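Asker: Below is the file work-v1.cif, with mmCIF, C-alpha atoms.
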```cif
data_work
#
loop_
_atom_site.label_atom_id
_atom_site.label_comp_id
_atom_site.auth_asym_id
_atom_site.auth_seq_id
_atom_site.Cartn_x
_atom_site.Cartn_y
_atom_site.Cartn_z
CA MET C 1 0.00 0.00 0.00
CA GLY C 2 2.80 2.41 0.93
CA LEU C 3 4.55 1.81 -2.38
CA SER C 4 1.47 2.24 -4.61
CA ILE C 5 0.58 5.48 -2.82
CA SER C 6 4.14 6.72 -3.19
CA VAL C 7 4.20 6.08 -6.94
CA ALA C 8 0.79 7.69 -7.52
CA VAL C 9 1.64 10.77 -5.48
CA GLY C 10 5.09 11.09 -7.01
CA LEU C 11 3.39 11.54 -10.37
CA TYR C 12 1.35 14.53 -9.10
CA GLY C 13 4.70 16.22 -8.66
CA ILE C 14 5.08 16.70 -12.42
CA SER C 15 1.88 18.78 -12.50
CA PHE C 16 2.94 20.75 -9.46
CA GLY C 17 6.43 21.50 -10.80
CA ALA C 18 5.15 22.66 -14.19
CA LEU C 19 2.36 24.79 -12.69
CA ALA C 20 4.69 26.34 -10.09
CA VAL C 21 7.01 27.58 -12.83
CA ALA C 22 4.02 28.81 -14.84
CA ALA C 23 2.91 30.76 -11.74
CA GLY C 24 6.24 32.59 -11.66
CA LEU C 25 8.37 30.51 -9.28
CA SER C 26 11.90 29.47 -10.19
CA VAL C 27 12.73 25.78 -10.49
CA TRP C 28 14.43 25.84 -7.06
CA GLN C 29 11.56 27.71 -5.41
CA ALA C 30 9.23 24.96 -6.68
CA VAL C 31 11.54 22.29 -5.28
CA ALA C 32 11.91 24.20 -1.98
CA LEU C 33 8.12 24.09 -1.53
CA SER C 34 8.07 20.33 -2.16
CA ALA C 35 11.04 19.62 0.11
CA LEU C 36 10.20 21.99 2.99
CA MET C 37 6.45 22.64 2.90
CA PHE C 38 5.76 19.06 1.77
CA THR C 39 1.98 19.08 1.77
CA GLY C 40 0.50 19.01 -1.71
CA GLY C 41 -2.76 20.88 -1.17
CA SER C 42 -0.99 23.83 0.47
CA GLN C 43 1.66 23.95 -2.24
CA PHE C 44 -1.00 24.03 -4.98
CA ALA C 45 -2.84 26.76 -3.02
CA PHE C 46 0.34 28.85 -2.79
CA ILE C 47 0.94 28.82 -6.55
CA GLY C 48 -2.82 28.97 -7.31
CA VAL C 49 -3.20 32.29 -5.49
CA LEU C 50 -0.04 33.69 -7.14
CA SER C 51 -1.10 32.70 -10.66
CA GLY C 52 -4.43 34.47 -10.03
CA GLY C 53 -2.53 37.69 -9.27
CA GLY C 54 -2.85 37.43 -5.48
CA SER C 55 -0.25 38.80 -3.09
CA LEU C 56 2.48 36.66 -1.54
CA ALA C 57 0.89 37.15 1.90
CA ALA C 58 -2.47 35.89 0.60
CA ALA C 59 -0.72 32.90 -1.00
CA ALA C 60 1.01 32.05 2.29
CA THR C 61 -2.26 32.46 4.23
CA ALA C 62 -4.22 30.17 1.91
CA ALA C 63 -1.43 27.57 2.06
CA SER C 64 -1.30 27.76 5.86
CA LEU C 65 -5.07 27.34 6.25
CA LEU C 66 -5.04 24.28 3.96
CA GLY C 67 -2.24 22.83 6.08
CA LEU C 68 -4.27 22.97 9.32
CA ARG C 69 -5.52 19.42 8.84
CA ASN C 70 -1.92 18.21 9.24
CA ALA C 71 -2.07 19.26 12.91
CA VAL C 72 -5.06 16.94 13.33
CA TYR C 73 -3.12 14.14 11.62
CA GLY C 74 -0.21 14.81 13.99
CA VAL C 75 -2.46 14.23 16.99
CA GLN C 76 -3.69 10.94 15.49
CA ILE C 77 -0.21 9.69 14.58
CA ASN C 78 1.20 10.75 17.95
CA ALA C 79 -1.54 8.76 19.71
CA LEU C 80 -1.22 5.70 17.44
CA LEU C 81 2.56 5.36 17.10
CA ARG C 82 3.75 6.96 20.36
CA PRO C 83 7.03 8.10 18.72
CA ARG C 84 10.14 8.82 20.80
CA ARG C 85 10.84 12.51 21.41
CA ALA C 86 13.94 12.50 19.20
CA VAL C 87 11.99 11.12 16.22
CA ARG C 88 9.12 13.59 16.43
CA PRO C 89 10.66 16.51 14.47
CA LEU C 90 11.28 14.27 11.43
CA GLN C 91 8.00 12.39 11.85
CA ALA C 92 6.13 15.72 11.97
CA HIS C 93 7.63 16.76 8.64
CA LEU C 94 6.38 13.53 7.01
CA THR C 95 2.86 13.88 8.48
CA ILE C 96 0.60 14.34 5.42
CA ASP C 97 -2.60 12.86 3.93
CA GLU C 98 -0.88 9.79 2.48
CA SER C 99 1.35 8.74 5.40
CA THR C 100 -1.51 9.22 7.88
CA ALA C 101 -3.97 7.28 5.71
CA THR C 102 -1.46 4.44 5.32
CA ALA C 103 -0.73 4.28 9.06
CA VAL C 104 -4.36 4.26 10.23
CA ALA C 105 -5.25 1.57 7.66
CA GLN C 106 -2.89 -0.95 9.31
CA VAL C 107 -3.82 -3.16 12.26
CA SER C 108 -0.68 -3.84 14.36
CA ALA C 109 1.56 -1.17 15.86
CA ASP C 110 4.56 -2.45 13.89
CA GLU C 111 2.69 -2.37 10.58
CA ARG C 112 1.42 1.13 11.36
CA ARG C 113 4.95 2.37 11.99
CA ARG C 114 6.26 0.69 8.82
CA GLY C 115 3.35 2.02 6.76
CA PHE C 116 3.83 5.58 8.00
CA TRP C 117 7.56 5.68 7.24
CA ALA C 118 7.30 3.84 3.90
CA ALA C 119 4.60 6.20 2.65
CA GLY C 120 6.17 9.32 4.21
CA VAL C 121 9.72 8.76 2.94
CA GLY C 122 8.58 7.27 -0.40
CA VAL C 123 6.25 10.17 -1.16
CA TRP C 124 8.86 12.74 -0.11
CA VAL C 125 11.57 11.35 -2.40
CA LEU C 126 9.29 10.91 -5.43
CA TRP C 127 7.40 14.18 -4.85
CA ASN C 128 10.67 16.11 -4.95
CA LEU C 129 12.15 14.26 -7.93
CA PHE C 130 8.97 14.75 -9.96
CA THR C 131 8.61 18.37 -8.87
CA LEU C 132 12.10 19.01 -10.24
CA LEU C 133 11.24 17.17 -13.47
CA GLY C 134 7.93 19.04 -13.87
CA ALA C 135 9.59 22.40 -13.13
CA LEU C 136 12.33 21.79 -15.72
CA LEU C 137 9.67 20.77 -18.26
CA GLY C 138 7.60 23.84 -17.40
CA GLU C 139 10.60 26.07 -17.94
CA ARG C 140 11.00 24.70 -21.48
CA LEU C 141 7.29 25.05 -22.32
CA GLY C 142 7.33 28.85 -22.43
CA ASP C 143 3.88 30.52 -22.62
CA PRO C 144 1.72 28.62 -20.08
CA ALA C 145 -1.64 29.54 -21.66
CA ALA C 146 -0.65 28.28 -25.14
CA TRP C 147 -0.07 24.81 -23.65
CA GLY C 148 -3.28 24.91 -21.66
CA LEU C 149 -1.38 24.99 -18.37
CA ASP C 150 -4.03 27.29 -16.90
CA GLY C 151 -6.52 24.53 -17.74
CA ALA C 152 -4.20 22.02 -16.08
CA ALA C 153 -4.35 24.11 -12.88
CA VAL C 154 -8.16 24.03 -12.95
CA ALA C 155 -8.09 20.25 -13.39
CA ALA C 156 -5.45 19.83 -10.68
CA PHE C 157 -7.58 21.64 -8.08
CA LEU C 158 -10.75 19.82 -9.15
CA GLY C 159 -8.83 16.53 -8.81
CA LEU C 160 -7.87 17.43 -5.23
CA LEU C 161 -11.44 18.50 -4.37
CA TRP C 162 -13.36 15.65 -6.06
CA PRO C 163 -12.64 12.81 -3.57
CA ARG C 164 -13.70 15.09 -0.69
CA LEU C 165 -17.20 15.74 -2.08
CA THR C 166 -18.54 12.58 -0.48
CA ASN C 167 -21.69 13.81 1.29
CA ARG C 168 -24.33 16.54 1.34
CA ASP C 169 -22.54 18.60 3.98
CA ALA C 170 -19.43 18.74 1.77
CA HIS C 171 -21.59 19.74 -1.23
CA ALA C 172 -23.19 22.56 0.77
CA ILE C 173 -19.76 23.84 1.87
CA ALA C 174 -18.52 23.73 -1.74
CA ILE C 175 -21.53 25.69 -3.01
CA ALA C 176 -21.11 28.31 -0.27
CA ALA C 177 -17.38 28.65 -0.98
CA ALA C 178 -17.96 28.98 -4.75
CA PHE C 179 -20.64 31.63 -4.18
CA VAL C 180 -18.48 33.66 -1.77
CA THR C 181 -15.52 33.52 -4.16
CA LEU C 182 -17.51 34.78 -7.17
CA VAL C 183 -19.21 37.55 -5.18
CA ALA C 184 -15.96 38.68 -3.53
CA VAL C 185 -13.73 38.70 -6.64
CA PRO C 186 -14.78 42.12 -8.01
CA LEU C 187 -14.85 43.69 -4.53
CA VAL C 188 -11.54 42.79 -2.86
CA PRO C 189 -7.89 42.38 -3.99
CA PRO C 190 -6.85 39.09 -5.67
CA GLY C 191 -6.13 36.27 -3.23
CA ILE C 192 -8.50 37.61 -0.57
CA PRO C 193 -11.66 35.83 -1.89
CA ILE C 194 -10.12 32.44 -1.05
CA ILE C 195 -9.47 33.58 2.54
CA LEU C 196 -13.11 34.75 2.83
CA ALA C 197 -14.28 31.43 1.36
CA ALA C 198 -12.22 29.60 4.01
CA ALA C 199 -13.82 31.62 6.81
CA VAL C 200 -17.34 31.03 5.47
CA SER C 201 -16.61 27.29 5.03
CA ALA C 202 -15.48 27.06 8.64
CA ALA C 203 -18.67 28.84 9.78
CA VAL C 204 -20.90 26.58 7.64
CA THR C 205 -19.08 23.51 9.00
CA VAL C 206 -19.63 24.61 12.60
CA ALA C 207 -23.34 25.22 11.87
CA GLN C 208 -23.66 21.77 10.29
CA HIS C 209 -21.87 20.18 13.26
CA ARG C 210 -24.16 21.92 15.79
CA ARG C 211 -27.23 20.80 13.86
CA GLY C 212 -25.91 17.24 13.79
CA ALA C 213 -24.91 17.15 17.50
CA MET G 1 17.07 37.24 -0.87
CA THR G 2 14.04 38.16 -2.96
CA GLU G 3 10.60 38.76 -1.50
CA LEU G 4 9.30 35.62 -3.25
CA TRP G 5 11.99 33.45 -1.63
CA ALA G 6 11.22 35.00 1.76
CA TRP G 7 7.50 34.17 1.50
CA VAL G 8 8.22 30.65 0.21
CA LEU G 9 10.32 30.02 3.33
CA ILE G 10 7.82 31.71 5.68
CA ALA G 11 4.98 29.56 4.30
CA CYS G 12 7.17 26.44 4.66
CA GLY G 13 7.94 27.40 8.26
CA ILE G 14 4.24 27.81 9.07
CA ALA G 15 3.44 24.46 7.44
CA TYR G 16 6.10 22.74 9.55
CA ALA G 17 5.01 24.46 12.77
CA THR G 18 1.43 23.33 12.08
CA LYS G 19 2.55 19.72 11.67
CA MET G 20 4.75 19.88 14.79
CA ALA G 21 1.87 21.39 16.80
CA GLY G 22 0.00 18.11 16.39
CA TYR G 23 2.82 16.35 18.26
CA LEU G 24 3.53 19.00 20.91
CA VAL G 25 0.15 20.45 21.84
CA PRO G 26 -1.58 18.39 24.57
CA ASP G 27 -4.15 15.95 23.15
CA SER G 28 -6.93 17.70 25.06
CA VAL G 29 -6.56 20.85 22.92
CA LEU G 30 -6.50 19.41 19.39
CA ASP G 31 -8.10 16.01 19.85
CA ARG G 32 -11.68 17.23 19.84
CA PRO G 33 -14.22 16.24 17.22
CA TRP G 34 -14.90 19.81 16.09
CA VAL G 35 -11.23 20.50 15.31
CA ALA G 36 -11.16 17.67 12.77
CA THR G 37 -14.62 18.61 11.47
CA VAL G 38 -13.76 22.28 10.90
CA SER G 39 -10.42 21.45 9.30
CA THR G 40 -12.14 18.97 6.95
CA GLY G 41 -14.85 21.49 6.03
CA MET G 42 -12.39 24.30 5.51
CA THR G 43 -10.28 22.09 3.22
CA VAL G 44 -13.34 21.52 1.00
CA GLY G 45 -14.08 25.26 0.97
CA LEU G 46 -10.51 26.29 0.14
CA LEU G 47 -10.16 23.77 -2.68
CA THR G 48 -13.56 24.81 -4.13
CA SER G 49 -12.52 28.45 -4.01
CA LEU G 50 -9.26 27.59 -5.80
CA VAL G 51 -11.19 25.70 -8.51
CA VAL G 52 -13.57 28.64 -9.02
CA ALA G 53 -10.82 31.29 -8.93
CA ASN G 54 -8.61 29.43 -11.39
CA THR G 55 -11.54 28.80 -13.75
CA PHE G 56 -13.57 32.02 -13.75
CA VAL G 57 -11.30 34.78 -12.47
CA THR G 58 -8.80 37.06 -14.18
CA GLY G 59 -7.45 39.71 -11.81
CA THR G 60 -10.59 41.10 -10.16
CA ALA G 61 -13.03 40.21 -12.97
CA VAL G 62 -15.28 37.16 -13.33
CA VAL G 63 -14.88 35.86 -16.92
CA MET G 64 -15.78 32.83 -19.05
CA ASP G 65 -12.97 31.64 -21.31
CA ALA G 66 -11.14 28.49 -22.44
CA ARG G 67 -10.61 27.42 -18.84
CA VAL G 68 -14.31 26.51 -18.53
CA ALA G 69 -13.66 23.77 -21.12
CA ALA G 70 -10.87 22.48 -18.85
CA LEU G 71 -13.25 22.38 -15.88
CA VAL G 72 -15.89 20.41 -17.79
CA ALA G 73 -13.36 18.02 -19.34
CA ALA G 74 -11.67 17.40 -15.97
CA ALA G 75 -15.04 16.73 -14.30
CA ILE G 76 -15.87 14.14 -16.97
CA ALA G 77 -12.43 12.51 -16.55
CA LEU G 78 -12.89 12.37 -12.76
CA TRP G 79 -16.39 10.97 -13.15
CA LEU G 80 -14.87 8.23 -15.36
CA LYS G 81 -12.37 7.58 -12.52
CA ALA G 82 -9.32 8.58 -14.55
CA PRO G 83 -5.99 8.78 -12.64
CA TYR G 84 -4.95 12.21 -11.36
CA LEU G 85 -2.24 12.85 -13.94
CA VAL G 86 -4.67 11.97 -16.77
CA VAL G 87 -7.22 14.42 -15.33
CA VAL G 88 -4.61 17.20 -15.32
CA ILE G 89 -3.51 16.46 -18.90
CA VAL G 90 -7.13 16.32 -20.10
CA GLY G 91 -7.67 19.75 -18.50
CA ALA G 92 -4.64 21.17 -20.30
CA ILE G 93 -5.65 19.74 -23.69
CA ALA G 94 -9.23 20.99 -23.32
CA ALA G 95 -8.08 24.53 -22.52
CA ALA G 96 -5.53 24.54 -25.34
CA LEU G 97 -8.08 23.25 -27.88
CA ALA G 98 -10.77 25.69 -26.74
CA ARG G 99 -8.26 28.52 -27.14
CA VAL G 100 -7.37 27.38 -30.66
CA ALA G 101 -11.11 27.30 -31.40
CA GLY G 102 -11.26 30.97 -30.41
CA PHE G 103 -12.73 30.96 -26.87
#
```
Go ahead and render the structure in this file as structure tokens.

Answerer:
Amino acid sequence: MGLSISVAVGLYGISFGALAVAAGLSVWQAVALSALMFTGGSQFAFIGVLSGGGSLAAAATAASLLGLRNAVYGVQINALLRPRRAVRPLQAHLTIDESTATAVAQVSADERRRGFWAAGVGVWVLWNLFTLLGALLGERLGDPAAWGLDGAAVAAFLGLLWPRLTNRDAHAIAIAAAFVTLVAVPLVPPGIPIILAAAVSAAVTVAQHRRGA
Amino acid sequence: MTELWAWVLIACGIAYATKMAGYLVPDSVLDRPWVATVSTGMTVGLLTSLVVANTFVTGTAVVMDARVAALVAAAIALWLKAPYLVVVIVGAIAAALARVAGF
């Protein structure tokens, strides 16, 4: 399981690398995001806000908000694997969707630990290699729009969103976020609509949770 | 160091601090159902906003152009359970073709 996830995720790196360069990052800035930020959704958000003309602060804010779920994963992994203190800083860096999903899917403590590290290290290595490859390709492509790279960005975000639209609550949040974004775009600077959409999504989620509780 | 590099590194630092918080903050603070619920809901909202902004927005204007073709084509590919990379390539081809066709 760890290996198949690693290979699949490594391939996303090509899209990220090419889109990062199209958004105005250098090859090494794209690789720095993959090596140091290492959480795909946030990295795509960072370049997505920049390519839409948003400010660097708005890009960093959107990326940071999308990364909040990693704190929740950290709590789960910390409780499941009970890592030694010395290992935690490295384990935290590898705490992402894929490594967490692989760990919680296993039954024994040993398998969980193996699954987490196999997926975490495997994804990190491939994600960075393919980011570099995608960024070098993107650099050679030239005009992003002529190659449909702006369309690739749309598809990349839809591909990240799609598996999360699993129930009516998620659909309602998506509709609210889309509405807020379209209404806010002409009124506020680029990059800010996504922050407003995040705030409204959080509010809608809390309301749904209260209703359900 | 350029401003872009500085913000890349700041955002990376925040991402790492967020991950580390999960390991350092006492369970009682983060391990509550609503924390996971809100973070899940906000992830859906942020990704939706990114889809909409990248499809319909240029600067501060809402527009319809070749990117709408990418959105539709990618949705069909996802509905047909195509792998992620295929979905992205289909989106690129659709936008490029729509642009050639004059949209």

Asker: So which residues touch segment 5-16 of chain G within 10 Å, counting all atoms listed in the file, skipping near sequence neighbours fewer than 6 positions away, as a ChimeraX atom specification?

Answerer: /C:25-26,28-30,32-39,42-43,46,56-57,59-68,70-71,89,92-95

Asker: I need the contact residues of chain G against chain C, so if you could list those with any atom within 6 Å, counting only C-alpha atoms, and return them as a short mmCIF file (atom, residue, chain, number, x, y, z; two decimals) with C-alpha atoms, in the frame of the given file, that would help.

Answerer:
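Below you can see selection08.cif, which holds the result:
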```cif
data_model
loop_
_atom_site.label_atom_id
_atom_site.label_comp_id
_atom_site.auth_asym_id
_atom_site.auth_seq_id
_atom_site.Cartn_x
_atom_site.Cartn_y
_atom_site.Cartn_z
CA ALA G 11 4.98 29.56 4.30
CA CYS G 12 7.17 26.44 4.66
CA ALA G 15 3.44 24.46 7.44
CA THR G 18 1.43 23.33 12.08
CA LYS G 19 2.55 19.72 11.67
CA MET G 20 4.75 19.88 14.79
CA ALA G 21 1.87 21.39 16.80
CA GLY G 22 0.00 18.11 16.39
CA TYR G 23 2.82 16.35 18.26
CA VAL G 38 -13.76 22.28 10.90
CA SER G 39 -10.42 21.45 9.30
CA GLY G 41 -14.85 21.49 6.03
CA MET G 42 -12.39 24.30 5.51
CA THR G 43 -10.28 22.09 3.22
CA GLY G 45 -14.08 25.26 0.97
CA LEU G 46 -10.51 26.29 0.14
CA LEU G 47 -10.16 23.77 -2.68
CA THR G 48 -13.56 24.81 -4.13
CA SER G 49 -12.52 28.45 -4.01
CA VAL G 51 -11.19 25.70 -8.51
CA ASN G 54 -8.61 29.43 -11.39
CA THR G 55 -11.54 28.80 -13.75
CA GLY G 59 -7.45 39.71 -11.81
CA THR G 60 -10.59 41.10 -10.16
CA ALA G 61 -13.03 40.21 -12.97
CA ARG G 67 -10.61 27.42 -18.84
CA ALA G 70 -10.87 22.48 -18.85
CA ALA G 74 -11.67 17.40 -15.97
CA VAL G 88 -4.61 17.20 -15.32
CA GLY G 91 -7.67 19.75 -18.50
CA ALA G 92 -4.64 21.17 -20.30
CA ALA G 95 -8.08 24.53 -22.52
CA ALA G 96 -5.53 24.54 -25.34
#
```

Asker: Could you jot down the atom CA of Ala118 of chain C to atom CA of Thr102 of chain C separation for me, Å, one decimal place?

Answerer: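 Interatomic distance, atom CA of Ala118 of chain C to atom CA of Thr102 of chain C: 8.9 Å.
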
Asker: Neighbouring residues of Ala98 of chain G were defined as those with any atom within 9 Å, considering all atoms listed in the file; residues of the same chain fewer than 5 positions away were excluded. Please report them as a ChimeraX atom specification.

Answerer: /G:65-70,93,103

Asker: Around all the atoms of segment 191-209 of chain C listed in the file, draw an axis-aligned box and extend it by 5 Å on each of the six sides; I want its centre and edge lengths in Å to one decimal, as JSON.

Answerer:
```
{"center_x": -14.9, "center_y": 28.9, "center_z": 5.0, "size_x": 27.5, "size_y": 27.4, "size_z": 26.5}
```

Asker: Can you pull out the residues contacting segment 107-114 of chain C? Cut-off 10 Å, using only C-alpha atoms, and skip same-chain residues under 2 positions away; I want them as a list in words.

Answerer: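 The neighbour list is Gly2, Ile77, Leu80, Leu81, Arg82, Pro83, Ser99, Thr100, Ala101, Thr102, Ala103, Val104, Ala105, Phe116, Trp117, Ala118, Ala119 and Gly120 of chain C.
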
Asker: Please, what distance in Å, to one decimal, runs between atom CA of Glu139 of chain C and atom CA of Ala18 of chain C?

Answerer: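 We find that atom CA of Glu139 of chain C and atom CA of Ala18 of chain C lie 7.4 Å from each other.
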
Asker: For atom CA of Leu50 of chain C and atom CA of Ala22 of chain C, quote the distance in Å rounded to one decimal.

Answerer: 10.0 Å
